[in-house]
Amino acid sequence: MPPLPDHPLRYATVNELHARPFPSLEVPSMALYVAIKEPVQAQNRDRSRDLAHLHELLDRYGSAHPQPGATHFQGPIGRAELKWESHTEFVTYTAFSRGVSPRPFDPAEAEVLPEDWLARAQGRRLTSVLVRVEAMPTTEAALVAALDDWFVPESLAVARVVDGAAVIAGDFRIDPAGHMRFAVFVQPGTGPRRVGRIVQRLCEIETYRAMSMLGLMRSRDLTARLNALDPRLMALVSGLDSLEPSPEAALHDLLTISAELESLAVQFSFRFGATAAYEAIVTQRIDALREQRLEGRQTFGEFMMRRYDPAMRTVKSAENRLGAMAERAERAAELLRTRVDVERSAQNQKLLESMDKRADLQLRLQRTVEGLSVVAISYYAVSLMTYLAYPLAKLLQMSKEVLMAAMVVPVVGLVWLLVRRIRNSLHGGE
């Protein structure tokens with residue numbers, strides 16, 4: 001019996017589960033993470049240019065290239081390990097280096113990705129993160145001192161994560177060198193892969209936070225446009241029961257507003273959908289850290305609740321407002337169409353009544369003409385019959401006048417019956 005053939009996508013779907021493994025990081029180490037987004041719609045991205053840009057970097061270090069059409073790659077670039085990923089809207093580069101600089105968050109540590117090479121990237125820098133991984137200080141006072149020295153206390157978020165295996169910290173601010181800083185203090189005995197997962201999640205939190213905040217910027221643009229449309233829509237809805245403007249003109253204006261709202265929905269639907277997806281990823285990544293409070297400081301989850309969640313609610317509010325205005329415009333259009341139909345029905349009713357009156361008048365005229373036609377036909381018929389019967393009148397010794405008078409009544413009667421029969425045959429016996 002021949003073996004059962006595999007589905008053509010069986011191995012591809014399984015390999016996708018293992019396509020992006022977590023890095024393995026020793027302590028101490030440093031990670032540089034850069035996310036680049038092209039200023040185009042996701043469906044218009046040319047991913048071949050991302051690969052070409054990656055090849056240029058790998059060629060500098062003499063490293064092997066990924067497979068054609070690849071969406072992820074991991075390999076050495078000099079003394080660092082590079083991890084490259086191509087996503088729907090952006091591409092990310094992560095460089096992991098063993099050891100750390102004596103100067104915390106030294107901008108020179110970012111030179112593993114050359115500046116001139118980054119300048120030729122197909123897009124703009126969305127986020128740039130330096131993650132410093134160190135061993136846990138011997139005392140909590142030394143840990144707190146390091147945090148106060150490295151970060152802005154006002155926005156500092158700190159937490160013990162992954163069942164106390166490490167302490168993470170960050171202030172979500174961009175330093176003078178253009179990087180965002182995160183610190184990971186690792187307890188002795190924590191495995192390299194666990195450390196790599198923590199660092200990866202920090203990078204993902206910042207990336208998807210930045211991507212979702214793009215929705216906030218777009219929602220502000222949308223709000224400004226809705227603020228301009230809302231008074232126009234409100235004025236039209238308020239004037240539905242007035243005589244001015246005419247229903248046809250109001251319906252035309254309302255359909256114009258509805259078309260603008262539909263156009264806005266098309267323009268913003270992708271960004272709002274992506275924002276909701278990115279927000280869900282941020283929440284999931286923070287939950288996966290299993291945070292515990294440290295020294296009464298705010299955790300990452302609390303920081304997001306105070307600073308990030310209101311922005312996402314603003315996006316949802318703008319999206320809901322757009323949907324509500326579109327529905328309101330549709331309902332108003334239905335009411336206006338109903339009003340127009342009712343008025344047209346009334347006009348049609350009046351027109352039918354006028355047509356009935358005209359038909360009745362025509363019927364009366366027709367009957368009048370019919371009577372006159374009976375007289376006219378009878379006159380000519382009597383004249384013809386008189387000529388035909390004149391010889392008979394001589395035989396009967398009757399005068400022409402007496403003969404004509406005798407023929408008037410029967411001829412008129414016959415003509416009237418003939419006309420009536422013709423009319424009944426034309427009108428179906430009515």
# chains A, B, ... in the order shown; residues from 1 in each chain; ligands from 1
>>> residues_around(residues="region 387-392 of chain A", least_positions_apart="6", cutoff="12 Å", atoms="only C-alpha atoms", output="list of chain:residue names")
A:Tyr380, A:Ala381, A:Met398, A:Ser399, A:Lys400, A:Glu401, A:Val402, A:Leu403, A:Met404, A:Ala406, A:Met407
>>> write_last_selection(atoms="N, CA and C atoms", output="mmCIF file, in the first residue's frame")
data_model
loop_
_atom_site.group_PDB
_atom_site.id
_atom_site.type_symbol
_atom_site.label_atom_id
_atom_site.label_comp_id
_atom_site.auth_asym_id
_atom_site.auth_seq_id
_atom_site.Cartn_x
_atom_site.Cartn_y
_atom_site.Cartn_z
ATOM 1 N N TYR A 380 -78.002 61.914 -42.507
ATOM 2 C CA TYR A 380 -77.532 61.429 -43.802
ATOM 3 C C TYR A 380 -78.196 60.102 -44.178
ATOM 4 N N ALA A 381 -78.469 59.265 -43.183
ATOM 5 C CA ALA A 381 -79.121 57.980 -43.473
ATOM 6 C C ALA A 381 -80.543 58.182 -43.986
ATOM 7 N N MET A 398 -97.490 58.615 -52.089
ATOM 8 C CA MET A 398 -97.127 59.370 -50.885
ATOM 9 C C MET A 398 -96.190 60.499 -51.296
ATOM 10 N N SER A 399 -96.354 61.594 -50.580
ATOM 11 C CA SER A 399 -95.459 62.715 -50.880
ATOM 12 C C SER A 399 -94.067 62.410 -50.297
ATOM 13 N N LYS A 400 -93.097 63.125 -50.830
ATOM 14 C CA LYS A 400 -91.699 62.935 -50.364
ATOM 15 C C LYS A 400 -91.547 63.321 -48.896
ATOM 16 N N GLU A 401 -92.266 64.359 -48.484
ATOM 17 C CA GLU A 401 -92.127 64.812 -47.104
ATOM 18 C C GLU A 401 -92.689 63.783 -46.132
ATOM 19 N N VAL A 402 -93.844 63.182 -46.498
ATOM 20 C CA VAL A 402 -94.441 62.169 -45.612
ATOM 21 C C VAL A 402 -93.544 60.946 -45.508
ATOM 22 N N LEU A 403 -92.986 60.557 -46.642
ATOM 23 C CA LEU A 403 -92.071 59.394 -46.631
ATOM 24 C C LEU A 403 -90.855 59.651 -45.763
ATOM 25 N N MET A 404 -90.281 60.873 -45.856
ATOM 26 C CA MET A 404 -89.084 61.199 -45.068
ATOM 27 C C MET A 404 -89.422 61.227 -43.582
ATOM 28 N N ALA A 406 -91.764 59.565 -42.121
ATOM 29 C CA ALA A 406 -92.013 58.196 -41.647
ATOM 30 C C ALA A 406 -90.723 57.429 -41.407
ATOM 31 N N MET A 407 -89.668 57.810 -42.084
ATOM 32 C CA MET A 407 -88.407 57.070 -41.956
ATOM 33 C C MET A 407 -87.504 57.609 -40.852
#
>>> residues_around(residues="Leu51 (chain A)", least_positions_apart="3", cutoff="12 Å", atoms="only C-alpha atoms", output="ChimeraX atom specification")
/A:46-48,54-58,65-73,84-86,91-93,121-122
>>> residues_around(residues="Arg313 (chain A)", least_positions_apart="2", cutoff="12 Å", atoms="only C-alpha atoms", output="list in words")
Ser212, Met213, Gly215, Leu216, Ser219, Phe272, Thr275, Ala276, Glu279, Met305, Arg306, Arg307, Tyr308, Asp309, Pro310, Ala311, Val315, Lys316, Ser317, Ala318, Glu319, Asn320 and Arg321 of chain A
>>> select_by_dssp(residues="region 132-302 of chain A", states="strand (DSSP E or B)", output="compact mmCIF listing (two decimals) with C-alpha atoms, in the first residue's frame")
# COMPACT_ATOMS: atom_id res chain seq x y z
CA ARG A 132 21.14 46.01 29.53
CA VAL A 133 21.23 42.58 31.17
CA GLU A 134 23.14 42.36 34.46
CA ALA A 135 23.36 40.09 37.46
CA ALA A 157 8.21 51.14 35.93
CA VAL A 158 9.81 48.29 37.89
CA ALA A 159 8.70 44.75 38.66
CA ARG A 160 9.90 41.32 39.63
CA VAL A 161 8.96 38.98 36.79
CA ALA A 166 14.55 38.78 37.29
CA VAL A 167 13.76 42.43 37.86
CA ILE A 168 12.89 44.56 34.82
CA ALA A 169 12.89 48.34 34.70
CA GLY A 170 12.27 51.09 32.14
CA ASP A 171 10.96 54.63 31.95
CA PHE A 172 9.64 54.56 28.35
CA ARG A 173 11.57 57.73 27.50
CA ILE A 174 13.94 58.36 24.60
CA MET A 180 14.75 53.78 24.84
CA ARG A 181 16.30 52.08 27.85
CA PHE A 182 15.37 48.87 29.64
CA ALA A 183 17.32 47.06 32.35
CA VAL A 184 17.06 43.38 33.30
CA PHE A 185 18.62 42.26 36.59
CA VAL A 186 18.85 38.47 36.67
CA GLN A 292 5.28 41.38 41.27
>>> select_by_dssp(residues="region 262-321 of chain A", states="alpha helix (DSSP H)", output="PyMOL selection string")
chain A and resi 262-289+300-303+309-321
>>> atom_distance(atom1="CA of Ala177 (chain A)", atom2="CA of Arg20 (chain A)")
29.0 Å
>>> atom_distance(atom1="CA of Val34 (chain A)", atom2="CA of Val129 (chain A)")
6.4 Å
>>> atom_distance(atom1="CA of Phe270 (chain A)", atom2="CA of Cys203 (chain A)")
23.6 Å
>>> residues_around(residues="Thr94 (chain A)", least_positions_apart="4", cutoff="9 Å", atoms="only C-alpha atoms", output="MDAnalysis selection string")
chainID A and resid 31:35 81:85
>>> write_last_selection(atoms="N, CA and C atoms", output="short mmCIF file (atom, residue, chain, number, x, y, z; two decimals), in the first residue's frame")
data_model
loop_
_atom_site.label_atom_id
_atom_site.label_comp_id
_atom_site.auth_asym_id
_atom_site.auth_seq_id
_atom_site.Cartn_x
_atom_site.Cartn_y
_atom_site.Cartn_z
N ALA A 31 21.54 44.10 24.41
CA ALA A 31 20.70 43.89 23.23
C ALA A 31 20.32 45.24 22.64
N LEU A 32 20.52 45.36 21.34
CA LEU A 32 20.06 46.53 20.60
C LEU A 32 18.91 46.07 19.71
N TYR A 33 17.79 46.75 19.83
CA TYR A 33 16.58 46.38 19.09
C TYR A 33 16.11 47.60 18.30
N VAL A 34 15.91 47.42 16.99
CA VAL A 34 15.45 48.50 16.12
C VAL A 34 14.30 47.98 15.27
N ALA A 35 13.21 48.74 15.25
CA ALA A 35 12.05 48.42 14.40
C ALA A 35 11.89 49.54 13.38
N GLU A 81 25.24 38.58 17.72
CA GLU A 81 24.29 37.67 17.10
C GLU A 81 23.09 38.50 16.62
N LEU A 82 22.76 38.37 15.35
CA LEU A 82 21.68 39.16 14.76
C LEU A 82 20.42 38.32 14.63
N LYS A 83 19.31 38.93 14.97
CA LYS A 83 18.00 38.31 14.75
C LYS A 83 17.17 39.30 13.93
N TRP A 84 16.72 38.86 12.75
CA TRP A 84 15.96 39.72 11.82
C TRP A 84 14.59 39.10 11.60
N GLU A 85 13.56 39.95 11.64
CA GLU A 85 12.19 39.48 11.41
C GLU A 85 11.44 40.49 10.55
#
>>> closest_residue(among="A:Gly273, A:Ser263, A:Leu322, A:Ser29", to="Ala224 (chain A)", atoms="only C-alpha atoms")
A:Leu322
>>> residues_around(residues="Leu113 (chain A)", least_positions_apart="2", cutoff="9 Å", atoms="only C-alpha atoms", output="list in words")
Leu32, Leu57, Tyr93, Ala95, Ala110, Glu111, Glu115, Asp116, Trp117 and Leu118 of chain A
>>> write_last_selection(atoms="N, CA and C atoms", output="compact mmCIF listing (two decimals), in the first residue's frame")
# COMPACT_ATOMS: atom_id res chain seq x y z
N LEU A 32 20.52 45.36 21.34
CA LEU A 32 20.06 46.53 20.60
C LEU A 32 18.91 46.07 19.71
N LEU A 57 23.91 44.31 5.08
CA LEU A 57 24.52 44.23 6.41
C LEU A 57 25.31 42.94 6.56
N TYR A 93 15.34 44.46 13.71
CA TYR A 93 16.72 43.98 13.83
C TYR A 93 17.08 43.96 15.31
N ALA A 95 20.33 42.89 17.81
CA ALA A 95 21.73 42.47 17.91
C ALA A 95 22.04 42.20 19.37
N ALA A 110 25.35 50.79 20.38
CA ALA A 110 24.42 50.71 19.26
C ALA A 110 25.13 50.70 17.92
N GLU A 111 26.45 50.86 17.92
CA GLU A 111 27.18 50.93 16.65
C GLU A 111 27.34 49.57 16.00
N GLU A 115 25.52 53.26 11.35
CA GLU A 115 24.60 54.37 11.11
C GLU A 115 24.35 54.60 9.62
N ASP A 116 25.41 54.51 8.80
CA ASP A 116 25.22 54.74 7.37
C ASP A 116 24.35 53.66 6.75
N TRP A 117 24.46 52.45 7.26
CA TRP A 117 23.59 51.36 6.77
C TRP A 117 22.15 51.59 7.20
N LEU A 118 21.93 52.00 8.45
CA LEU A 118 20.57 52.28 8.92
C LEU A 118 19.93 53.42 8.13
>>> decode(residues="region 264-277 of chain A", atoms="N, CA and C atoms", output="JSON list (two decimals), in the first residue's frame")
[["chain", "number", "residue", "atom", "x", "y", "z"],
["A", 264, "LEU", "N", -14.13, 57.69, 5.09],
["A", 264, "LEU", "CA", -13.31, 57.71, 6.30],
["A", 264, "LEU", "C", -13.22, 56.30, 6.90],
["A", 265, "ALA", "N", -14.32, 55.58, 6.89],
["A", 265, "ALA", "CA", -14.30, 54.22, 7.43],
["A", 265, "ALA", "C", -13.33, 53.34, 6.66],
["A", 266, "VAL", "N", -13.30, 53.49, 5.33],
["A", 266, "VAL", "CA", -12.36, 52.71, 4.52],
["A", 266, "VAL", "C", -10.92, 53.11, 4.83],
["A", 267, "GLN", "N", -10.68, 54.41, 4.98],
["A", 267, "GLN", "CA", -9.32, 54.89, 5.22],
["A", 267, "GLN", "C", -8.77, 54.44, 6.57],
["A", 268, "PHE", "N", -9.64, 54.39, 7.59],
["A", 268, "PHE", "CA", -9.16, 54.17, 8.95],
["A", 268, "PHE", "C", -9.43, 52.75, 9.46],
["A", 269, "SER", "N", -10.14, 51.94, 8.70],
["A", 269, "SER", "CA", -10.50, 50.61, 9.22],
["A", 269, "SER", "C", -9.27, 49.74, 9.48],
["A", 270, "PHE", "N", -8.30, 49.75, 8.54],
["A", 270, "PHE", "CA", -7.12, 48.92, 8.74],
["A", 270, "PHE", "C", -6.34, 49.35, 9.97],
["A", 271, "ARG", "N", -6.12, 50.67, 10.13],
["A", 271, "ARG", "CA", -5.34, 51.14, 11.26],
["A", 271, "ARG", "C", -6.03, 50.84, 12.57],
["A", 272, "PHE", "N", -7.35, 51.01, 12.63],
["A", 272, "PHE", "CA", -8.06, 50.72, 13.87],
["A", 272, "PHE", "C", -8.03, 49.23, 14.18],
["A", 273, "GLY", "N", -8.19, 48.39, 13.16],
["A", 273, "GLY", "CA", -8.11, 46.95, 13.39],
["A", 273, "GLY", "C", -6.72, 46.54, 13.86],
["A", 274, "ALA", "N", -5.68, 47.11, 13.23],
["A", 274, "ALA", "CA", -4.31, 46.79, 13.64],
["A", 274, "ALA", "C", -4.04, 47.28, 15.05],
["A", 275, "THR", "N", -4.56, 48.45, 15.41],
["A", 275, "THR", "CA", -4.35, 48.98, 16.76],
["A", 275, "THR", "C", -4.95, 48.05, 17.80],
["A", 276, "ALA", "N", -6.14, 47.55, 17.55],
["A", 276, "ALA", "CA", -6.76, 46.62, 18.50],
["A", 276, "ALA", "C", -5.93, 45.35, 18.64],
["A", 277, "ALA", "N", -5.39, 44.85, 17.53],
["A", 277, "ALA", "CA", -4.56, 43.65, 17.59],
["A", 277, "ALA", "C", -3.27, 43.92, 18.36]]
